[in-house]
file target33.cif (mmCIF, C-alpha atoms and all ligand atoms)
data_structure
loop_
_atom_site.label_atom_id
_atom_site.label_comp_id
_atom_site.auth_asym_id
_atom_site.auth_seq_id
_atom_site.Cartn_x
_atom_site.Cartn_y
_atom_site.Cartn_z
CA MET A 1 21.31 -11.11 -1.10
CA ARG A 2 21.94 -7.58 0.07
CA VAL A 3 18.56 -5.82 0.25
CA PHE A 4 18.10 -2.07 0.69
CA VAL A 5 14.68 -1.27 2.19
CA ALA A 6 13.50 2.34 1.88
CA GLY A 7 10.68 2.75 4.39
CA ALA A 8 12.10 0.10 6.71
CA THR A 9 10.55 1.56 9.87
CA GLY A 10 6.94 1.76 8.65
CA ALA A 11 3.91 -0.51 8.93
CA ILE A 12 5.09 -2.85 6.17
CA GLY A 13 8.82 -2.22 6.66
CA THR A 14 8.85 -3.45 10.26
CA GLN A 15 7.20 -6.71 9.13
CA LEU A 16 9.41 -7.06 6.08
CA VAL A 17 12.86 -6.46 7.57
CA PRO A 18 12.85 -9.36 10.10
CA ARG A 19 11.46 -11.73 7.46
CA LEU A 20 14.25 -10.82 5.03
CA VAL A 21 16.81 -11.26 7.81
CA ALA A 22 15.32 -14.65 8.78
CA ALA A 23 15.55 -15.72 5.14
CA GLY A 24 19.30 -15.07 5.28
CA HIS A 25 19.51 -11.70 3.54
CA GLU A 26 21.68 -8.77 4.60
CA VAL A 27 19.27 -5.86 5.07
CA HIS A 28 20.08 -2.16 4.96
CA GLY A 29 17.08 -0.26 6.34
CA MET A 30 16.58 3.39 5.50
CA THR A 31 14.98 5.98 7.78
CA ARG A 32 15.15 9.75 7.76
CA THR A 33 15.00 9.71 11.55
CA GLY A 34 18.29 9.19 13.42
CA SER A 35 16.52 8.07 16.59
CA LYS A 36 15.04 5.04 14.79
CA GLN A 37 18.44 3.46 14.10
CA ALA A 38 18.31 1.37 17.29
CA MET A 39 14.92 -0.04 16.28
CA LEU A 40 16.34 -1.03 12.89
CA ARG A 41 19.28 -2.75 14.54
CA GLU A 42 16.84 -4.66 16.75
CA LEU A 43 14.99 -5.79 13.64
CA GLY A 44 18.30 -7.14 12.32
CA ALA A 45 19.08 -4.44 9.75
CA THR A 46 22.01 -2.10 9.25
CA PRO A 47 20.47 1.37 9.70
CA VAL A 48 20.94 3.99 6.99
CA VAL A 49 19.85 7.58 7.69
CA ALA A 50 18.83 9.47 4.55
CA ASP A 51 16.03 11.71 3.30
CA ALA A 52 14.34 10.03 0.34
CA LEU A 53 13.60 13.43 -1.19
CA ASP A 54 17.28 14.39 -1.32
CA PRO A 55 18.90 12.78 -4.39
CA ASP A 56 22.45 13.13 -3.07
CA GLN A 57 21.62 11.48 0.25
CA VAL A 58 19.85 8.61 -1.53
CA ALA A 59 22.72 8.15 -4.00
CA GLU A 60 25.23 8.04 -1.17
CA ALA A 61 23.14 5.66 0.98
CA VAL A 62 22.55 3.20 -1.87
CA GLY A 63 26.09 3.58 -3.17
CA ARG A 64 27.49 2.66 0.23
CA ALA A 65 25.19 -0.36 0.69
CA GLN A 66 25.75 -1.72 -2.87
CA PRO A 67 22.53 -3.75 -2.72
CA ASP A 68 21.38 -6.51 -5.06
CA VAL A 69 17.75 -5.46 -4.53
CA ILE A 70 15.99 -2.20 -3.59
CA VAL A 71 12.54 -2.28 -1.96
CA HIS A 72 10.59 1.00 -2.05
CA GLN A 73 8.02 1.21 0.76
CA LEU A 74 8.06 5.00 1.23
CA THR A 75 4.79 6.68 2.16
CA SER A 76 3.79 9.47 4.49
CA ILE A 77 0.07 9.08 5.02
CA GLY A 78 -1.44 11.03 7.86
CA ALA A 79 -5.11 11.75 8.47
CA ILE A 80 -6.99 11.44 5.17
CA ASP A 81 -9.59 14.08 4.33
CA PRO A 82 -11.36 12.68 1.25
CA ARG A 83 -12.46 16.20 0.24
CA ARG A 84 -8.80 17.17 0.04
CA PHE A 85 -7.51 13.77 -0.99
CA ASP A 86 -4.50 15.01 -2.98
CA LYS A 87 -3.56 17.41 -0.21
CA SER A 88 -3.67 14.55 2.31
CA PHE A 89 -1.37 12.52 0.05
CA ALA A 90 0.90 15.39 -1.03
CA LEU A 91 4.02 14.10 0.71
CA THR A 92 3.32 10.49 -0.27
CA ASN A 93 2.92 11.66 -3.87
CA ARG A 94 6.34 13.31 -3.73
CA LEU A 95 7.80 10.08 -2.33
CA ARG A 96 6.12 8.16 -5.17
CA ILE A 97 7.47 10.52 -7.82
CA GLU A 98 10.75 12.08 -6.63
CA GLY A 99 11.51 9.30 -4.14
CA THR A 100 11.08 6.65 -6.84
CA ASP A 101 13.26 8.54 -9.30
CA HIS A 102 16.05 9.05 -6.77
CA LEU A 103 16.02 5.38 -5.75
CA LEU A 104 15.98 4.25 -9.39
CA SER A 105 18.92 6.51 -10.31
CA ALA A 106 20.89 5.30 -7.31
CA GLY A 107 19.96 1.69 -8.06
CA GLN A 108 21.03 2.00 -11.68
CA ALA A 109 24.38 3.46 -10.64
CA SER A 110 24.88 0.48 -8.28
CA GLY A 111 23.57 -2.06 -10.80
CA VAL A 112 20.72 -3.49 -8.68
CA LYS A 113 19.24 -6.68 -10.12
CA ARG A 114 15.69 -6.12 -8.80
CA PHE A 115 13.65 -3.10 -7.80
CA VAL A 116 10.43 -3.82 -5.87
CA ALA A 117 7.99 -0.94 -5.30
CA GLN A 118 4.78 -0.48 -3.35
CA SER A 119 1.60 0.39 -5.26
CA TYR A 120 -2.09 0.28 -4.39
CA TRP A 121 -5.03 -2.00 -5.21
CA GLY A 122 -7.67 0.74 -5.36
CA ALA A 123 -6.59 2.59 -8.51
CA TYR A 124 -8.22 0.28 -11.10
CA ALA A 125 -10.84 1.61 -13.50
CA ARG A 126 -14.31 1.61 -11.94
CA THR A 127 -15.87 -0.38 -14.77
CA GLY A 128 -16.96 -3.94 -15.43
CA SER A 129 -17.87 -6.75 -13.11
CA GLY A 130 -15.68 -9.38 -11.49
CA LEU A 131 -12.29 -9.03 -9.88
CA LYS A 132 -9.56 -6.90 -11.44
CA THR A 133 -6.41 -8.58 -12.67
CA GLU A 134 -3.03 -7.04 -13.38
CA GLU A 135 -4.02 -6.85 -17.08
CA ASP A 136 -6.84 -4.43 -16.34
CA GLN A 137 -6.64 -0.69 -16.88
CA LEU A 138 -6.09 1.86 -14.13
CA ASP A 139 -8.79 4.48 -13.64
CA PRO A 140 -8.46 6.96 -16.55
CA THR A 141 -10.87 9.44 -14.94
CA PRO A 142 -10.38 9.59 -11.16
CA PRO A 143 -12.36 12.24 -9.28
CA ARG A 144 -10.74 15.68 -9.51
CA GLU A 145 -9.49 15.65 -5.94
CA MET A 146 -7.67 12.31 -6.47
CA ARG A 147 -5.96 13.07 -9.77
CA GLU A 148 -2.51 13.91 -8.41
CA SER A 149 -2.48 10.86 -6.15
CA TRP A 150 -3.47 8.50 -8.94
CA ALA A 151 -0.88 10.15 -11.22
CA ALA A 152 1.77 9.50 -8.56
CA ILE A 153 0.77 5.82 -8.47
CA ARG A 154 1.05 5.67 -12.26
CA HIS A 155 4.46 7.28 -12.02
CA VAL A 156 5.84 4.66 -9.62
CA GLU A 157 4.50 1.87 -11.78
CA GLU A 158 5.63 3.23 -15.15
CA ALA A 159 9.07 4.27 -13.87
CA VAL A 160 9.72 0.90 -12.21
CA LEU A 161 8.37 -1.24 -15.05
CA GLY A 162 10.14 0.97 -17.59
CA ALA A 163 13.56 0.50 -15.97
CA ARG A 164 14.82 -2.09 -18.42
CA TRP A 165 18.25 -2.33 -16.73
CA THR A 166 16.68 -4.14 -13.73
CA GLU A 167 13.84 -6.52 -12.87
CA GLY A 168 11.14 -3.95 -12.02
CA ILE A 169 8.37 -5.29 -9.79
CA VAL A 170 5.22 -3.47 -8.69
CA LEU A 171 3.19 -4.80 -5.75
CA ARG A 172 -0.38 -3.50 -5.63
CA TYR A 173 -1.14 -4.14 -1.97
CA GLY A 174 -4.68 -4.39 -0.65
CA GLY A 175 -5.79 -2.19 2.23
CA PHE A 176 -3.43 -2.96 5.09
CA TYR A 177 -4.74 -4.28 8.37
CA GLY A 178 -2.93 -5.75 11.37
CA PRO A 179 -0.30 -4.44 13.78
CA GLY A 180 1.04 -0.95 13.16
CA THR A 181 -1.61 -0.10 10.57
CA SER A 182 -4.63 2.20 10.76
CA MET A 183 -6.68 -1.04 10.90
CA ALA A 184 -4.83 -2.41 13.95
CA PRO A 185 -7.37 -4.08 16.26
CA ASP A 186 -5.93 -2.24 19.28
CA GLY A 187 -6.31 1.42 18.47
CA GLY A 188 -5.81 1.79 14.71
CA GLU A 189 -7.48 5.04 13.60
CA GLN A 190 -9.84 3.38 11.13
CA ILE A 191 -10.86 0.77 13.67
CA GLU A 192 -11.50 3.48 16.25
CA ALA A 193 -13.56 5.45 13.70
CA ILE A 194 -15.71 2.36 13.06
CA ARG A 195 -16.04 1.81 16.81
CA LYS A 196 -17.25 5.40 17.14
CA ARG A 197 -19.73 4.94 14.27
CA LYS A 198 -17.95 7.55 12.18
CA VAL A 199 -17.71 5.42 9.01
CA PRO A 200 -21.06 5.25 7.24
CA ILE A 201 -22.32 3.08 4.40
CA VAL A 202 -22.69 5.42 1.44
CA GLY A 203 -25.48 4.70 -1.04
CA ASP A 204 -25.60 0.96 -1.71
CA GLY A 205 -22.11 0.45 -0.20
CA GLY A 206 -21.30 -1.32 -3.44
CA ALA A 207 -17.55 -0.65 -3.57
CA VAL A 208 -15.70 -3.97 -3.28
CA TRP A 209 -12.61 -3.67 -1.08
CA SER A 210 -9.56 -5.90 -1.11
CA PHE A 211 -7.57 -6.11 2.11
CA ILE A 212 -4.29 -7.72 3.10
CA HIS A 213 -2.87 -8.52 6.51
CA VAL A 214 0.40 -6.61 6.72
CA ALA A 215 2.27 -9.82 7.66
CA ASP A 216 1.01 -11.48 4.46
CA ALA A 217 2.01 -8.39 2.48
CA ALA A 218 5.52 -8.78 3.92
CA ASP A 219 5.64 -12.51 3.05
CA ALA A 220 4.65 -11.73 -0.54
CA THR A 221 7.31 -9.04 -0.68
CA VAL A 222 10.00 -11.48 0.43
CA ALA A 223 8.89 -13.81 -2.38
CA ALA A 224 9.03 -10.90 -4.84
CA VAL A 225 12.52 -9.91 -3.63
CA GLU A 226 13.75 -13.47 -4.10
CA HIS A 227 12.22 -14.58 -7.37
CA ALA A 228 9.57 -12.38 -9.03
CA GLY A 229 9.84 -11.65 -12.72
CA ARG A 230 9.32 -8.10 -14.02
CA GLY A 231 5.68 -7.04 -13.74
CA ILE A 232 2.74 -6.15 -11.57
CA TYR A 233 1.33 -8.37 -8.80
CA ASN A 234 -1.86 -7.82 -6.82
CA ILE A 235 -1.11 -8.66 -3.17
CA VAL A 236 -4.57 -9.03 -1.65
CA ASP A 237 -6.41 -11.62 0.42
CA ASP A 238 -8.96 -14.22 -0.76
CA ASP A 239 -12.06 -12.39 0.40
CA PRO A 240 -12.85 -9.15 -1.43
CA ALA A 241 -16.21 -7.88 -0.20
CA PRO A 242 -18.59 -4.96 -0.71
CA VAL A 243 -18.50 -2.23 1.93
CA ALA A 244 -22.18 -3.02 2.61
CA GLU A 245 -21.08 -6.47 3.81
CA TRP A 246 -17.70 -6.07 5.51
CA LEU A 247 -18.35 -2.79 7.30
CA PRO A 248 -21.43 -3.87 9.33
CA ALA A 249 -19.79 -7.24 10.06
CA LEU A 250 -16.64 -5.52 11.31
CA ALA A 251 -18.66 -3.04 13.39
CA HIS A 252 -20.50 -5.99 14.94
CA ASP A 253 -17.27 -7.85 15.71
CA LEU A 254 -15.82 -4.70 17.30
CA GLY A 255 -18.89 -4.39 19.51
CA ALA A 256 -19.89 -1.14 17.80
CA LYS A 257 -23.33 0.01 16.76
CA LYS A 258 -24.42 -0.58 13.15
CA PRO A 259 -22.94 1.96 10.71
CA PHE A 260 -25.22 4.81 9.60
CA HIS A 261 -26.53 4.84 6.05
CA VAL A 262 -25.87 8.05 4.12
CA PRO A 263 -27.29 8.75 0.66
CA ARG A 264 -24.81 9.57 -2.10
CA PHE A 265 -25.79 13.23 -2.43
CA LEU A 266 -25.23 13.86 1.26
CA ALA A 267 -21.95 11.93 1.27
CA ARG A 268 -20.83 14.01 -1.72
CA MET A 269 -21.36 17.16 0.36
CA LEU A 270 -19.60 15.71 3.43
CA ALA A 271 -16.80 13.67 1.88
CA GLY A 272 -16.61 14.87 -1.73
CA GLU A 273 -16.65 12.74 -4.86
CA ALA A 274 -13.56 10.81 -3.68
CA GLY A 275 -15.42 9.69 -0.56
CA VAL A 276 -18.41 8.55 -2.62
CA VAL A 277 -16.24 6.69 -5.13
CA MET A 278 -14.32 4.84 -2.42
CA MET A 279 -17.52 3.67 -0.77
CA THR A 280 -19.57 2.86 -3.86
CA GLU A 281 -17.44 2.26 -6.97
CA LEU A 282 -14.08 0.61 -6.26
CA ARG A 283 -13.63 -2.86 -7.69
CA GLY A 284 -12.16 -5.85 -5.87
CA VAL A 285 -8.92 -7.40 -6.97
CA SER A 286 -7.72 -10.94 -7.82
CA ASN A 287 -4.63 -12.50 -6.22
CA ALA A 288 -4.42 -15.40 -8.71
CA LYS A 289 -1.21 -14.18 -10.37
CA ALA A 290 0.66 -13.68 -7.10
CA LYS A 291 -0.35 -17.16 -5.95
CA ARG A 292 0.64 -18.71 -9.26
CA GLU A 293 3.89 -16.88 -9.91
CA LEU A 294 5.22 -16.02 -6.45
CA GLY A 295 4.20 -19.31 -4.83
CA TRP A 296 2.60 -17.23 -2.09
CA ARG A 297 -0.63 -17.77 -0.12
CA PRO A 298 -2.09 -15.39 2.46
CA ALA A 299 -1.94 -16.95 5.94
CA HIS A 300 -4.86 -14.65 6.81
CA PRO A 301 -7.23 -15.25 3.87
CA SER A 302 -10.11 -13.07 5.09
CA MET A 303 -10.06 -9.76 6.97
CA ARG A 304 -13.69 -10.33 8.03
CA LYS A 305 -12.99 -13.76 9.48
CA GLU A 306 -9.87 -12.47 11.22
CA PHE A 307 -11.86 -9.90 13.19
CA ALA A 308 -14.73 -12.34 13.80
CA ALA A 309 -12.39 -14.93 15.34
N1 LIG A 401 -1.99 -0.42 1.09
C1 LIG A 401 -2.32 0.23 2.18
O1 LIG A 401 -3.42 0.09 2.72
C2 LIG A 401 -1.35 1.16 2.84
C3 LIG A 401 -0.14 1.50 2.25
C4 LIG A 401 0.73 2.34 2.93
C5 LIG A 401 0.40 2.83 4.19
N2 LIG A 401 -0.79 2.48 4.72
C6 LIG A 401 -1.18 2.94 6.06
O2 LIG A 401 -0.91 4.29 6.23
C7 LIG A 401 -0.67 4.55 7.60
C8 LIG A 401 0.47 5.50 7.74
O3 LIG A 401 1.55 5.01 7.14
P1 LIG A 401 2.73 6.03 6.80
O4 LIG A 401 2.58 6.51 5.42
O5 LIG A 401 2.98 6.97 7.89
O6 LIG A 401 3.83 5.02 6.62
P2 LIG A 401 4.60 4.23 7.67
O7 LIG A 401 3.97 2.90 7.74
O8 LIG A 401 4.88 4.99 8.90
O9 LIG A 401 5.96 4.12 6.83
C9 LIG A 401 6.54 5.16 6.15
C10 LIG A 401 7.98 4.83 5.91
O10 LIG A 401 8.50 5.76 4.96
C11 LIG A 401 9.62 6.41 5.53
N3 LIG A 401 9.71 7.77 5.04
C12 LIG A 401 8.72 8.67 4.86
N4 LIG A 401 9.21 9.82 4.37
C13 LIG A 401 10.55 9.63 4.23
C14 LIG A 401 11.62 10.45 3.77
N5 LIG A 401 11.42 11.69 3.33
N6 LIG A 401 12.85 9.94 3.75
C15 LIG A 401 13.09 8.68 4.19
N7 LIG A 401 12.13 7.85 4.64
C16 LIG A 401 10.88 8.33 4.66
C17 LIG A 401 9.42 6.36 7.02
O11 LIG A 401 10.69 6.49 7.63
P3 LIG A 401 10.93 7.24 9.03
O12 LIG A 401 9.60 7.68 9.57
O13 LIG A 401 11.60 6.21 9.88
O14 LIG A 401 11.86 8.35 8.72
C18 LIG A 401 8.80 4.99 7.19
O15 LIG A 401 9.79 4.00 7.20
C19 LIG A 401 -0.47 3.20 8.27
O16 LIG A 401 -1.64 2.93 8.98
C20 LIG A 401 -0.35 2.24 7.12
O17 LIG A 401 -0.91 1.00 7.44
C21 LIG A 401 -1.67 1.66 4.08
#
call {"tool": "encode", "arguments": {"input": "target33.cif", "output": "structure tokens"}}
result
Amino acid sequence: MRVFVAGATGAIGTQLVPRLVAAGHEVHGMTRTGSKQAMLRELGATPVVADALDPDQVAEAVGRAQPDVIVHQLTSIGAIDPRRFDKSFALTNRLRIEGTDHLLSAGQASGVKRFVAQSYWGAYARTGSGLKTEEDQLDPTPPREMRESWAAIRHVEEAVLGARWTEGIVLRYGGFYGPGTSMAPDGGEQIEAIRKRKVPIVGDGGAVWSFIHVADAADATVAAVEHAGRGIYNIVDDDPAPVAEWLPALAHDLGAKKPFHVPRFLARMLAGEAGVVMMTELRGVSNAKAKRELGWRPAHPSMRKEFAA
């Protein structure tokens, strides 16, 4: 198939493109940065330079490639300040709203058969026990400072699933770790923050996090490109765990001191309600549907075990 990857140069894109090429697909990789064309060629893709926020550039790029499938992996996540969560995600939110709409319009004009878009595991409602499945509701009442970001996630999902002219597929990826991510063992920002004891356990550390190795996320995406039916798929590993368990274990494996404990009220002052929610209230996520329907299994089933090895 001819596959157009928007976000081909990023953490997931650089894992995805060579896998698509190895599976025999013709890949057109989009970047807004002319100097990254050589890197895309090395990965086996035909480079396409276009700004995802410019509808004419996107229409022309997709129109020229005439893909069978579009994959939307556009984000622009810099340093995250949980007190100004929406501000930190402002550009990503535009990519999730305007970027999605431009890609969908261009895809419809070219008659793409499948449209696969990146979403996020952490936006489920913070209620109930057990792991969240794709049937469960998204958070109807996110903290004030996260509302725009959660609305942008809803937009991607509703726009993609609502595009009845194509097979719309939403992949709710777990927290990325592995090469090129902020959880890269050699110098990822989050890993360095844990090494420097800057990530505390808030309250009971009861938020259950779902992770995914970025290579496994790419494998699942190839499966989705090739044969997923319309719908949502959680792409997470087999080992969701409370912050109170995985964070001290990871700190230990990194040779760092034990994380500090910070009570909720103090964390609220330092990191806002978003910071508290992320460390105490998120729910873990089930990968049963992706295993069943995509025929996919994570090669790295547990983030904790990966770092302990
Ligand atoms: N589920 C998760 O945990 C998750 C999800 C996403 C990201 N992250 C993490 O966030 C960190 C930073 O990632 P990032 O957001 O900077 O993404 P990234 O991994 O660098 O990828 C962003 C991609 O989007 C493209 N892009 C951004 N704005 C664009 C525009 N206006 N037009 C065209 N292409 C555009 C970039 O292209 P060019 O730069 O080549 O122009 C790049 O290919 C990484 O550590 C990553 O692991 C985590």
call {"tool": "residues_near_ligand", "arguments": {"input": "target33.cif", "ligand": "ligand LIG 401 (chain A)", "cutoff": "6 Å", "atoms": "all atoms listed in the file", "output": "PyMOL selection string"}}
result
chain A and resi 7-11+31-33+50-53+74-78+120+173-176+181-182
call {"tool": "atom_distance", "arguments": {"input": "target33.cif", "atom1": "atom CA of A:His155", "atom2": "atom CA of A:Trp209"}}
result
23.0 Å
call {"tool": "closest_residue", "arguments": {"input": "target33.cif", "among": "A:Met278, A:Leu266, A:Val49, A:Leu171", "to": "A:Tyr233", "atoms": "only C-alpha atoms"}}
result
A:Leu171
call {"tool": "closest_residue", "arguments": {"input": "target33.cif", "among": "A:Arg297, A:Gln190, A:Asp253, A:Glu273", "to": "A:Ala79", "atoms": "only C-alpha atoms"}}
result
A:Gln190
call {"tool": "closest_residue", "arguments": {"input": "target33.cif", "among": "A:Arg64, A:Arg154, A:Lys258, A:Arg19", "to": "A:Asn93", "atoms": "all atoms listed in the file"}}
result
A:Arg154
call {"tool": "residues_around", "arguments": {"input": "target33.cif", "residues": "A:Pro140", "least_positions_apart": "3", "cutoff": "12 Å", "atoms": "all atoms listed in the file", "output": "ChimeraX atom specification"}}
result
/A:123-127,136-137,143-144,146-147,150-151,154
call {"tool": "closest_residue", "arguments": {"input": "target33.cif", "among": "A:Ala290, A:Ala309, A:Ala249, A:Val202", "to": "A:Ala267", "atoms": "all atoms listed in the file"}}
result
A:Val202
call {"tool": "atom_distance", "arguments": {"input": "target33.cif", "atom1": "atom CA of A:Gln118", "atom2": "atom CA of A:Asp216"}}
result
14.0 Å
